[in-house]
>>> print(open('final_30.txt').read())   # compact mmCIF, C-alpha atoms
# COMPACT_ATOMS: atom_id res chain seq x y z
CA MET W 1 -22.21 -3.63 -15.13
CA VAL W 2 -18.46 -3.13 -15.11
CA ASN W 3 -17.69 0.00 -13.17
CA ARG W 4 -14.63 1.58 -11.67
CA LYS W 5 -15.06 -0.08 -8.27
CA CYS W 6 -15.37 -3.48 -9.84
CA ILE W 7 -12.10 -3.04 -11.73
CA ILE W 8 -10.41 -1.83 -8.56
CA ARG W 9 -11.57 -5.03 -6.83
CA LEU W 10 -10.21 -7.15 -9.69
CA SER W 11 -6.83 -5.43 -9.27
CA ARG W 12 -6.93 -6.25 -5.58
CA TYR W 13 -7.85 -9.88 -6.19
CA LYS W 14 -4.95 -10.11 -8.61
CA SER W 15 -2.46 -8.67 -6.08
CA ALA W 16 -3.74 -11.07 -3.43
CA LEU W 17 -3.52 -14.01 -5.84
CA GLN W 18 0.06 -13.14 -6.77
CA ARG W 19 1.01 -13.04 -3.10
CA LEU W 20 -0.78 -16.35 -2.42
CA LYS W 21 0.97 -17.93 -5.41
CA ALA W 22 4.35 -16.73 -4.09
CA LEU W 23 3.49 -18.49 -0.82
CA GLY W 24 2.86 -21.76 -2.69
CA PHE W 25 -0.94 -21.76 -2.83
CA VAL W 26 -2.48 -23.65 -5.79
CA LYS W 27 -6.19 -23.28 -4.95
CA VAL W 28 -8.12 -20.42 -3.38
CA PHE W 29 -11.68 -19.92 -2.20
CA SER W 30 -13.75 -16.80 -2.63
CA GLY W 31 -13.43 -16.26 1.13
CA ASN W 32 -9.64 -15.99 0.86
CA LEU W 33 -9.92 -13.28 -1.76
CA ALA W 34 -12.70 -11.55 0.12
CA ASP W 35 -10.44 -11.26 3.17
CA ALA W 36 -7.54 -9.97 1.11
CA ALA W 37 -9.62 -7.40 -0.76
CA GLY W 38 -11.79 -6.33 2.16
CA VAL W 39 -15.12 -7.36 0.63
CA THR W 40 -17.63 -10.18 1.18
CA SER W 41 -17.34 -13.63 -0.41
CA SER W 42 -20.56 -13.10 -2.30
CA GLN W 43 -19.12 -9.90 -3.80
CA VAL W 44 -16.13 -11.91 -5.06
CA ARG W 45 -18.39 -14.52 -6.66
CA LYS W 46 -20.60 -11.80 -8.16
CA ASP W 47 -17.56 -10.08 -9.70
CA PHE W 48 -16.26 -13.34 -11.11
CA SER W 49 -19.57 -14.33 -12.64
CA LEU W 50 -19.80 -10.90 -14.27
CA PHE W 51 -16.63 -11.76 -16.17
CA GLY W 52 -17.59 -15.36 -16.84
CA ILE W 53 -15.12 -16.80 -14.34
CA THR W 54 -16.60 -19.99 -12.94
CA GLY W 55 -15.19 -22.02 -10.12
CA ASN W 56 -16.06 -24.94 -7.99
CA ARG W 57 -17.27 -23.54 -4.72
CA ARG W 58 -16.21 -26.64 -2.82
CA GLY W 59 -12.98 -27.22 -4.73
CA GLY W 60 -12.03 -23.57 -5.01
CA TYR W 61 -10.47 -21.76 -7.93
CA SER W 62 -7.09 -22.50 -9.50
CA VAL W 63 -4.72 -19.66 -8.57
CA ASP W 64 -2.91 -19.76 -11.92
CA GLU W 65 -6.10 -19.77 -13.96
CA LEU W 66 -7.58 -16.92 -11.96
CA ILE W 67 -4.45 -14.80 -12.36
CA SER W 68 -4.33 -15.31 -16.09
CA LYS W 69 -8.05 -14.62 -16.51
CA ILE W 70 -7.87 -11.43 -14.46
CA LEU W 71 -4.77 -10.28 -16.35
CA GLU W 72 -6.64 -10.87 -19.58
CA ILE W 73 -9.62 -8.85 -18.35
CA LEU W 74 -7.36 -6.04 -17.19
CA GLY W 75 -5.68 -6.07 -20.59
CA LYS W 76 -2.36 -6.85 -18.98
CA ASN W 77 -1.01 -9.83 -20.81
CA GLU W 78 1.45 -7.43 -22.29
CA LEU W 79 3.50 -4.86 -20.41
CA GLN W 80 1.61 -1.57 -20.11
CA ARG W 81 3.86 1.38 -20.84
CA VAL W 82 3.09 4.74 -19.25
CA VAL W 83 4.96 8.04 -19.02
CA LEU W 84 5.50 10.44 -16.14
CA VAL W 85 5.87 14.23 -16.09
CA GLY W 86 7.63 15.82 -13.12
CA ALA W 87 10.80 14.32 -11.69
CA GLY W 88 10.44 15.89 -8.24
CA ASN W 89 9.94 14.08 -4.93
CA ILE W 90 6.73 12.26 -5.78
CA GLY W 91 7.79 11.59 -9.39
CA THR W 92 11.13 10.15 -8.33
CA ALA W 93 9.46 7.93 -5.74
CA LEU W 94 7.09 6.62 -8.42
CA MET W 95 9.99 5.89 -10.80
CA ARG W 96 11.62 3.78 -8.08
CA TYR W 97 8.37 2.18 -6.91
CA LYS W 98 8.67 -1.60 -7.25
CA GLY W 99 4.95 -2.30 -7.25
CA PHE W 100 4.37 -1.14 -10.81
CA GLU W 101 6.76 -3.49 -12.58
CA SER W 102 5.54 -6.52 -10.67
CA GLY W 103 2.06 -5.54 -11.80
CA GLY W 104 3.06 -5.40 -15.44
CA ILE W 105 3.24 -1.60 -15.62
CA LYS W 106 6.40 0.11 -16.83
CA ILE W 107 7.20 3.83 -16.63
CA ALA W 108 8.80 4.02 -20.08
CA ALA W 109 10.07 7.58 -19.75
CA ALA W 110 9.87 10.61 -17.49
CA PHE W 111 9.89 14.29 -18.49
CA ASP W 112 10.86 17.48 -16.71
CA ILE W 113 11.48 21.12 -17.57
CA ASP W 114 14.54 21.41 -15.29
CA PRO W 115 17.71 20.80 -17.41
CA GLU W 116 19.53 19.52 -14.30
CA LYS W 117 17.08 16.65 -13.96
CA ILE W 118 17.56 15.33 -17.50
CA HIS W 119 19.25 11.90 -17.60
CA ARG W 120 18.94 10.13 -20.92
CA ASP W 121 20.78 7.04 -19.69
CA SER W 122 18.81 6.36 -16.53
CA ASP W 123 15.99 3.82 -16.30
CA PRO W 124 13.51 5.31 -17.01
CA PRO W 125 15.24 8.04 -19.01
CA ILE W 126 14.37 11.57 -17.87
CA LEU W 127 13.84 13.70 -20.98
CA PRO W 128 13.12 17.40 -21.62
CA LEU W 129 9.40 18.21 -21.61
CA GLU W 130 9.66 19.50 -25.20
CA GLU W 131 10.14 15.90 -26.33
CA PHE W 132 6.92 14.72 -24.65
CA ALA W 133 4.54 14.96 -27.61
CA ASP W 134 6.92 13.24 -30.03
CA TYR W 135 7.77 10.46 -27.61
CA VAL W 136 4.14 9.72 -26.77
CA LYS W 137 3.10 9.62 -30.41
CA LYS W 138 6.07 7.51 -31.55
CA ASN W 139 5.52 4.98 -28.77
CA SER W 140 1.70 4.98 -28.81
CA ILE W 141 1.53 5.79 -25.10
CA ARG W 142 -2.00 6.41 -23.81
CA VAL W 143 -1.58 6.80 -20.03
CA ALA W 144 0.47 9.41 -18.17
CA ILE W 145 1.25 10.25 -14.55
CA LEU W 146 1.24 13.95 -13.68
CA ALA W 147 3.48 14.85 -10.73
CA VAL W 148 4.25 18.55 -11.22
CA PRO W 149 3.57 21.52 -8.87
CA ASP W 150 0.01 22.88 -8.90
CA VAL W 151 0.88 25.99 -10.93
CA ALA W 152 2.10 23.81 -13.83
CA ALA W 153 -0.62 21.16 -13.66
CA HIS W 154 -3.18 22.68 -16.04
CA HIS W 155 -0.59 23.52 -18.64
CA VAL W 156 0.94 20.03 -18.53
CA SER W 157 -2.42 18.27 -18.58
CA GLU W 158 -3.33 20.22 -21.73
CA LEU W 159 -0.05 19.20 -23.35
CA MET W 160 -0.78 15.58 -22.42
CA ILE W 161 -4.25 15.64 -23.93
CA ARG W 162 -3.03 17.38 -27.11
CA SER W 163 -0.36 14.67 -27.46
CA GLY W 164 -2.94 11.87 -27.43
CA ILE W 165 -2.92 10.85 -23.76
CA MET W 166 -6.31 9.41 -22.77
CA GLY W 167 -5.77 8.62 -19.10
CA ILE W 168 -4.03 10.80 -16.50
CA LEU W 169 -3.17 9.89 -12.92
CA ASN W 170 -2.87 13.32 -11.30
CA PHE W 171 -0.82 13.85 -8.13
CA ALA W 172 -0.82 17.66 -8.38
CA PRO W 173 -2.90 19.14 -5.56
CA ILE W 174 -5.55 20.60 -7.82
CA GLN W 175 -8.63 18.96 -9.20
CA LEU W 176 -8.17 18.41 -12.95
CA ARG W 177 -11.27 17.65 -14.91
CA GLY W 178 -11.31 15.27 -17.85
CA ALA W 179 -11.83 16.49 -21.38
CA GLU W 180 -14.03 14.47 -23.70
CA LYS W 181 -12.68 10.93 -23.98
CA VAL W 182 -9.98 11.60 -21.39
CA ILE W 183 -10.12 10.00 -17.95
CA ILE W 184 -8.42 11.73 -15.03
CA ASN W 185 -7.91 10.07 -11.64
CA ASN W 186 -6.96 12.65 -9.04
CA ILE W 187 -4.89 11.56 -6.04
CA ASN W 188 -4.68 14.39 -3.56
CA LEU W 189 -2.46 13.33 -0.67
CA GLU W 190 -3.26 16.36 1.45
CA VAL W 191 -7.00 15.88 1.05
CA GLU W 192 -6.70 12.20 2.00
CA LEU W 193 -4.77 13.05 5.13
CA GLU W 194 -7.08 15.94 6.11
CA ASN W 195 -10.04 13.66 5.69
CA LEU W 196 -8.53 11.10 8.03
CA ILE W 197 -7.65 13.77 10.61
CA TYR W 198 -11.19 15.14 10.49
CA PHE W 199 -12.79 11.79 11.25
CA VAL W 200 -10.29 10.93 13.96
CA ASN W 201 -10.98 14.31 15.61
CA ALA W 202 -14.71 13.73 15.23
CA MET W 203 -14.42 10.30 16.87
CA GLN W 204 -12.56 11.84 19.79
CA LYS W 205 -14.99 14.77 20.18
CA THR W 206 -18.10 12.63 20.18
CA GLY W 207 -16.56 10.77 23.08
CA GLN W 208 -16.56 7.46 21.30
CA ILE W 209 -12.99 7.29 22.48
CA GLU W 210 -11.73 9.21 25.47
CA MET G 1 -25.25 14.18 6.90
CA VAL G 2 -21.51 14.73 7.06
CA ASN G 3 -19.83 11.98 5.14
CA ARG G 4 -16.36 11.34 3.78
CA LYS G 5 -17.08 12.87 0.38
CA CYS G 6 -18.39 16.05 1.94
CA ILE G 7 -15.21 16.48 3.98
CA ILE G 8 -13.12 15.82 0.88
CA ARG G 9 -15.02 18.60 -0.89
CA LEU G 10 -14.43 20.97 2.03
CA SER G 11 -10.68 20.25 1.76
CA ARG G 12 -10.84 21.08 -1.92
CA TYR G 13 -12.75 24.31 -1.35
CA LYS G 14 -10.14 25.28 1.21
CA SER G 15 -7.24 24.63 -1.21
CA ALA G 16 -9.01 26.62 -3.91
CA LEU G 17 -9.71 29.47 -1.48
CA GLN G 18 -6.09 29.60 -0.39
CA ARG G 19 -4.98 29.83 -4.02
CA LEU G 20 -7.58 32.53 -4.76
CA LYS G 21 -6.45 34.47 -1.69
CA ALA G 22 -2.83 34.27 -2.86
CA LEU G 23 -4.01 35.78 -6.16
CA GLY G 24 -5.56 38.70 -4.30
CA PHE G 25 -9.26 37.70 -4.33
CA VAL G 26 -11.37 39.05 -1.48
CA LYS G 27 -14.81 37.69 -2.47
CA VAL G 28 -15.80 34.42 -4.13
CA PHE G 29 -19.03 32.99 -5.48
CA SER G 30 -20.18 29.40 -5.16
CA GLY G 31 -19.54 29.04 -8.89
CA ASN G 32 -15.84 29.83 -8.45
CA LEU G 33 -15.47 27.09 -5.86
CA ALA G 34 -17.59 24.69 -7.88
CA ASP G 35 -15.21 25.08 -10.82
CA ALA G 36 -12.15 24.59 -8.64
CA ALA G 37 -13.52 21.52 -6.88
CA GLY G 38 -15.18 19.95 -9.90
CA VAL G 39 -18.73 19.99 -8.50
CA THR G 40 -21.89 22.03 -9.16
CA SER G 41 -22.63 25.39 -7.56
CA SER G 42 -25.68 23.98 -5.84
CA GLN G 43 -23.47 21.28 -4.27
CA VAL G 44 -21.21 24.00 -2.87
CA ARG G 45 -24.18 25.87 -1.37
CA LYS G 46 -25.60 22.63 0.01
CA ASP G 47 -22.29 21.78 1.69
CA PHE G 48 -22.01 25.26 3.17
CA SER G 49 -25.53 25.27 4.54
CA LEU G 50 -24.87 21.87 6.14
CA PHE G 51 -22.15 23.54 8.22
CA GLY G 52 -24.10 26.73 8.82
CA ILE G 53 -22.01 28.84 6.46
CA THR G 54 -24.23 31.52 5.02
CA GLY G 55 -23.34 33.91 2.27
CA ASN G 56 -24.91 36.51 0.12
CA ARG G 57 -25.54 34.88 -3.22
CA ARG G 58 -25.26 38.19 -5.05
CA GLY G 59 -22.40 39.61 -3.00
CA GLY G 60 -20.49 36.36 -2.68
CA TYR G 61 -18.63 35.01 0.31
CA SER G 62 -15.65 36.63 2.02
CA VAL G 63 -12.55 34.55 1.19
CA ASP G 64 -10.99 35.09 4.62
CA GLU G 65 -14.15 34.19 6.50
CA LEU G 66 -14.70 31.08 4.42
CA ILE G 67 -11.12 29.89 4.97
CA SER G 68 -11.31 30.37 8.71
CA LYS G 69 -14.72 28.68 8.93
CA ILE G 70 -13.57 25.69 6.91
CA LEU G 71 -10.35 25.40 8.93
CA GLU G 72 -12.46 25.41 12.08
CA ILE G 73 -14.71 22.65 10.70
CA LEU G 74 -11.71 20.58 9.64
CA GLY G 75 -10.27 21.04 13.13
CA LYS G 76 -7.22 22.70 11.68
CA ASN G 77 -6.84 25.92 13.56
CA GLU G 78 -3.88 24.27 15.16
CA LEU G 79 -1.14 22.37 13.36
CA GLN G 80 -2.05 18.70 12.97
CA ARG G 81 0.88 16.46 13.86
CA VAL G 82 1.13 13.03 12.25
CA VAL G 83 3.84 10.37 12.12
CA LEU G 84 5.15 8.24 9.28
CA VAL G 85 6.54 4.70 9.28
CA GLY G 86 8.81 3.64 6.41
CA ALA G 87 11.53 5.98 5.14
CA GLY G 88 11.77 4.39 1.68
CA ASN G 89 10.97 6.00 -1.66
CA ILE G 90 7.35 6.88 -0.98
CA GLY G 91 7.99 7.78 2.67
CA THR G 92 10.86 10.09 1.76
CA ALA G 93 8.79 11.79 -0.92
CA LEU G 94 6.02 12.38 1.63
CA MET G 95 8.48 13.85 4.14
CA ARG G 96 9.61 16.34 1.49
CA TYR G 97 6.10 17.00 0.17
CA LYS G 98 5.35 20.72 0.49
CA GLY G 99 1.57 20.38 0.28
CA PHE G 100 1.17 19.08 3.82
CA GLU G 101 2.74 22.01 5.68
CA SER G 102 0.83 24.60 3.69
CA GLY G 103 -2.30 22.68 4.66
CA GLY G 104 -1.46 22.81 8.35
CA ILE G 105 -0.26 19.20 8.58
CA LYS G 106 3.18 18.40 9.95
CA ILE G 107 4.96 15.05 9.82
CA ALA G 108 6.37 15.28 13.33
CA ALA G 109 8.59 12.20 13.09
CA ALA G 110 9.32 9.25 10.85
CA PHE G 111 10.30 5.71 11.87
CA ASP G 112 12.20 2.91 10.15
CA ILE G 113 13.75 -0.43 11.07
CA ASP G 114 16.89 0.15 8.96
CA PRO G 115 19.64 1.58 11.22
CA GLU G 116 21.19 3.33 8.21
CA LYS G 117 18.07 5.42 7.73
CA ILE G 118 18.00 6.80 11.28
CA HIS G 119 18.70 10.57 11.43
CA ARG G 120 17.75 12.15 14.72
CA ASP G 121 18.74 15.63 13.56
CA SER G 122 16.80 15.77 10.30
CA ASP G 123 13.39 17.43 9.93
CA PRO G 124 11.39 15.34 10.51
CA PRO G 125 13.71 13.16 12.62
CA ILE G 126 13.88 9.53 11.46
CA LEU G 127 13.82 7.33 14.55
CA PRO G 128 14.09 3.56 15.18
CA LEU G 129 10.75 1.78 14.99
CA GLU G 130 11.17 0.57 18.60
CA GLU G 131 10.60 4.15 19.73
CA PHE G 132 7.27 4.43 17.87
CA ALA G 133 4.89 3.52 20.72
CA ASP G 134 6.60 5.81 23.24
CA TYR G 135 6.76 8.74 20.85
CA VAL G 136 3.13 8.46 19.83
CA LYS G 137 1.92 8.25 23.42
CA LYS G 138 4.14 11.07 24.68
CA ASN G 139 3.06 13.39 21.85
CA SER G 140 -0.62 12.35 21.72
CA ILE G 141 -0.37 11.55 18.01
CA ARG G 142 -3.52 10.01 16.57
CA VAL G 143 -2.84 9.76 12.82
CA ALA G 144 -0.06 7.83 11.07
CA ILE G 145 1.09 7.27 7.49
CA LEU G 146 2.13 3.71 6.66
CA ALA G 147 4.67 3.46 3.83
CA VAL G 148 6.39 0.12 4.38
CA PRO G 149 6.67 -2.90 2.02
CA ASP G 150 3.64 -5.20 1.88
CA VAL G 151 5.23 -7.95 3.99
CA ALA G 152 5.63 -5.54 6.92
CA ALA G 153 2.31 -3.74 6.59
CA HIS G 154 0.14 -5.91 8.85
CA HIS G 155 2.74 -6.03 11.59
CA VAL G 156 3.26 -2.26 11.53
CA SER G 157 -0.46 -1.48 11.40
CA GLU G 158 -0.96 -3.62 14.50
CA LEU G 159 1.84 -1.78 16.27
CA MET G 160 0.21 1.52 15.29
CA ILE G 161 -3.19 0.52 16.63
CA ARG G 162 -1.70 -0.84 19.86
CA SER G 163 0.10 2.47 20.33
CA GLY G 164 -3.13 4.48 20.15
CA ILE G 165 -3.20 5.49 16.48
CA MET G 166 -6.81 5.95 15.32
CA GLY G 167 -6.33 6.90 11.68
CA ILE G 168 -3.92 5.28 9.19
CA LEU G 169 -3.17 6.43 5.65
CA ASN G 170 -1.86 3.21 4.07
CA PHE G 171 0.40 3.28 1.03
CA ALA G 172 1.43 -0.39 1.29
CA PRO G 173 -0.03 -2.36 -1.63
CA ILE G 174 -2.29 -4.50 0.53
CA GLN G 175 -5.76 -3.76 1.74
CA LEU G 176 -5.66 -3.13 5.49
CA ARG G 177 -8.94 -3.20 7.31
CA GLY G 178 -9.77 -0.95 10.23
CA ALA G 179 -10.11 -2.34 13.71
CA GLU G 180 -12.91 -1.02 15.91
CA LYS G 181 -12.58 2.76 16.22
CA VAL G 182 -9.67 2.88 13.78
CA ILE G 183 -10.07 4.39 10.31
CA ILE G 184 -7.81 3.20 7.51
CA ASN G 185 -7.61 4.97 4.14
CA ASN G 186 -5.86 2.75 1.61
CA ILE G 187 -4.04 4.39 -1.30
CA ASN G 188 -2.91 1.74 -3.75
CA LEU G 189 -0.93 3.38 -6.51
CA GLU G 190 -0.76 0.26 -8.65
CA VAL G 191 -4.50 -0.29 -8.44
CA GLU G 192 -5.18 3.35 -9.41
CA LEU G 193 -2.93 3.06 -12.44
CA GLU G 194 -4.31 -0.33 -13.51
CA ASN G 195 -7.79 1.05 -13.24
CA LEU G 196 -6.94 3.94 -15.52
CA ILE G 197 -5.25 1.63 -18.04
CA TYR G 198 -8.28 -0.66 -18.08
CA PHE G 199 -10.69 2.14 -18.93
CA VAL G 200 -8.39 3.68 -21.53
CA ASN G 201 -8.06 0.26 -23.18
CA ALA G 202 -11.81 -0.22 -23.00
CA MET G 203 -12.40 3.18 -24.66
CA GLN G 204 -10.06 2.23 -27.47
CA LYS G 205 -11.57 -1.22 -27.96
CA THR G 206 -15.13 -0.01 -28.14
CA GLY G 207 -14.04 2.23 -30.98
CA GLN G 208 -15.04 5.38 -29.14
CA ILE G 209 -11.60 6.53 -30.16
CA GLU G 210 -9.80 5.17 -33.18
>>> encode(input="final_30.txt", output="structure tokens")
Amino acid sequence: MVNRKCIIRLSRYKSALQRLKALGFVKVFSGNLADAAGVTSSQVRKDFSLFGITGNRRGGYSVDELISKILEILGKNELQRVVLVGAGNIGTALMRYKGFESGGIKIAAAFDIDPEKIHRDSDPPILPLEEFADYVKKNSIRVAILAVPDVAAHHVSELMIRSGIMGILNFAPIQLRGAEKVIINNINLEVELENLIYFVNAMQKTGQIE
Amino acid sequence: MVNRKCIIRLSRYKSALQRLKALGFVKVFSGNLADAAGVTSSQVRKDFSLFGITGNRRGGYSVDELISKILEILGKNELQRVVLVGAGNIGTALMRYKGFESGGIKIAAAFDIDPEKIHRDSDPPILPLEEFADYVKKNSIRVAILAVPDVAAHHVSELMIRSGIMGILNFAPIQLRGAEKVIINNINLEVELENLIYFVNAMQKTGQIE
């Protein structure tokens, strides 16, 4: 069945295909994509068959066809518009992040409570948080990025959900739980780094590496 | 057994405990931590017993004791020093990110190839990439954050590994694979957001939400 990991792999295949296309490749083999996505070739073929993508194992897949099929599956033939709350360090970095636009994702507007951060003419515009609900409803936005300090995270996530947001990418360092019919992906940078440090320390302690 | 998810949960318990402590709590129950970390109470007790942490189910656990035990397990009684390569948007946001220091993690130095970004007097100092190997060896650094554009990611990850780095937190939008005895955690912001958009679209299409 289609699960989260499978969709993550499709996103990775798509990124790899776009890079290969930029390098002039016309055909690819499952092994190329397996290398790029860090999985096995048979996993690639399994994923493709799940979505009815067929190829010629000897002749390979057409790069253009694969990209357009994956974009269709990911629902990305049109630009996906999302909003962001919190124009601090992480929020500002995300607004400037080039990877989103090349992937067909546009941060349509950002919101903050600090009057000094409001810039209606910037791209994306940074608007007062009070305008969030109206903006989201008027523009039928469904996905939001939350990049506010931990003390504000619950309050803002509730505002998001009340305003009709159905998917939240949470960078605040607390674990938000989804409400009914709301999906929350938590990205906790500190936890990721701690995790890495723990395993590196464990590798050193067990003497696997002097 | 101790796996990645278990360590991630310990990090979350620790963050929750530190917030509870700041609010004046002296005792906690497994249910409090379960709520904060988004798991069940029995999962919390299972994790604690795995590491030999015992508590009194009726009297609860001492917040201070739990924090110091978890810090010991995570190897964090001393400040963990890491380095960062790439002083662009994401890298700069990470250098300014407050969550690391409060968690006992310090970005000791950052590195970039752009001479205009070099600032030896800033905190952390931003040094030329040529000094990376020397710095890492001299300071026994084992964990690095990679925040460079995709075209540079492979090259920089190889430099890191050659210099003795054993854990890499990769923000470049390509999937890096670990070498022997090197752990790589990939954080792909675009993939996370695409994934969320896919499932929100799927929820809408299936009519679960009008």
>>> residues_near_point(input="final_30.txt", point="(1.3, 21.9, -15.1)", cutoff="12 Å", atoms="all atoms listed in the file", output="PyMOL selection string")
chain W and resi 85-86+111-113+129+145-160+170-176
>>> interface_residues(input="final_30.txt", of="chain G", to="chain W", cutoff="8 Å", atoms="all atoms listed in the file", output="number ranges by chain")
G: 4, 7-8, 11-12, 15-16, 36-38, 74-75, 80, 89-90, 92-94, 96-97, 99-100, 103, 105, 142-143, 166-169, 173-177, 181, 183-185, 190-201, 203, 208-209
>>> closest_residue(input="final_30.txt", among="W:Leu71, W:Val63, W:Val83, W:Ala108", to="Lys27 of chain W", atoms="all atoms listed in the file")
W:Val63
>>> residues_around(input="final_30.txt", residues="Asp64 of chain G", least_positions_apart="3", cutoff="8 Å", atoms="all atoms listed in the file", output="PyMOL selection string")
chain G and resi 21+26+67-68
>>> residues_around(input="final_30.txt", residues="segment 118-125 of chain W", least_positions_apart="5", cutoff="7 Å", atoms="only C-alpha atoms", output="JSON list (two decimals) with C-alpha atoms, in the coordinates of the input")
[["chain", "number", "residue", "atom", "x", "y", "z"],
["W", 107, "ILE", "CA", 7.20, 3.83, -16.63],
["W", 108, "ALA", "CA", 8.80, 4.02, -20.08],
["W", 109, "ALA", "CA", 10.07, 7.58, -19.75],
["W", 110, "ALA", "CA", 9.87, 10.61, -17.49]]
>>> decode(input="final_30.txt", residues="segment 63-118 of chain G", atoms="C-alpha atoms", output="short mmCIF file (atom, residue, chain, number, x, y, z; two decimals), in the first residue's frame")
data_model
loop_
_atom_site.label_atom_id
_atom_site.label_comp_id
_atom_site.auth_asym_id
_atom_site.auth_seq_id
_atom_site.Cartn_x
_atom_site.Cartn_y
_atom_site.Cartn_z
CA VAL G 63 12.49 15.46 37.71
CA ASP G 64 16.10 16.27 38.61
CA GLU G 65 17.14 12.63 38.86
CA LEU G 66 15.48 11.77 35.57
CA ILE G 67 17.16 14.67 33.77
CA SER G 68 20.59 13.76 35.06
CA LYS G 69 20.11 10.06 34.25
CA ILE G 70 18.96 10.81 30.72
CA LEU G 71 21.81 13.27 30.17
CA GLU G 72 24.21 10.57 31.32
CA ILE G 73 22.68 8.05 28.89
CA LEU G 74 22.82 10.54 26.04
CA GLY G 75 26.46 11.20 26.90
CA LYS G 76 25.69 14.83 27.51
CA ASN G 77 27.10 15.62 30.89
CA GLU G 78 29.68 17.57 29.01
CA LEU G 79 29.03 20.04 26.22
CA GLN G 80 28.95 18.29 22.84
CA ARG G 81 30.94 20.23 20.26
CA VAL G 82 29.99 19.92 16.59
CA VAL G 83 31.03 21.77 13.44
CA LEU G 84 29.01 23.09 10.51
CA VAL G 85 29.93 23.43 6.84
CA GLY G 86 27.99 25.94 4.72
CA ALA G 87 27.19 29.41 6.07
CA GLY G 88 24.22 30.01 3.77
CA ASN G 89 20.58 30.47 4.76
CA ILE G 90 20.09 27.16 6.54
CA GLY G 91 23.60 27.15 8.04
CA THR G 92 23.19 30.67 9.41
CA ALA G 93 19.82 29.80 10.91
CA LEU G 94 21.38 26.78 12.62
CA MET G 95 24.22 28.89 14.03
CA ARG G 96 21.65 31.23 15.58
CA TYR G 97 19.32 28.44 16.70
CA LYS G 98 18.86 28.66 20.46
CA GLY G 99 17.67 25.08 20.93
CA PHE G 100 21.11 23.53 20.53
CA GLU G 101 22.87 25.35 23.38
CA SER G 102 20.07 24.73 25.84
CA GLY G 103 20.40 21.06 24.90
CA GLY G 104 24.12 21.02 25.63
CA ILE G 105 25.20 21.12 21.99
CA LYS G 106 27.59 23.81 20.76
CA ILE G 107 28.46 24.60 17.15
CA ALA G 108 32.15 25.17 17.81
CA ALA G 109 32.99 26.47 14.34
CA ALA G 110 31.51 26.89 10.89
CA PHE G 111 33.28 26.62 7.53
CA ASP G 112 32.59 28.05 4.08
CA ILE G 113 34.39 28.39 0.75
CA ASP G 114 33.18 31.97 0.17
CA PRO G 115 35.88 34.40 1.41
CA GLU G 116 33.19 37.02 2.09
CA LYS G 117 31.56 34.77 4.66
CA ILE G 118 34.70 34.25 6.74
#
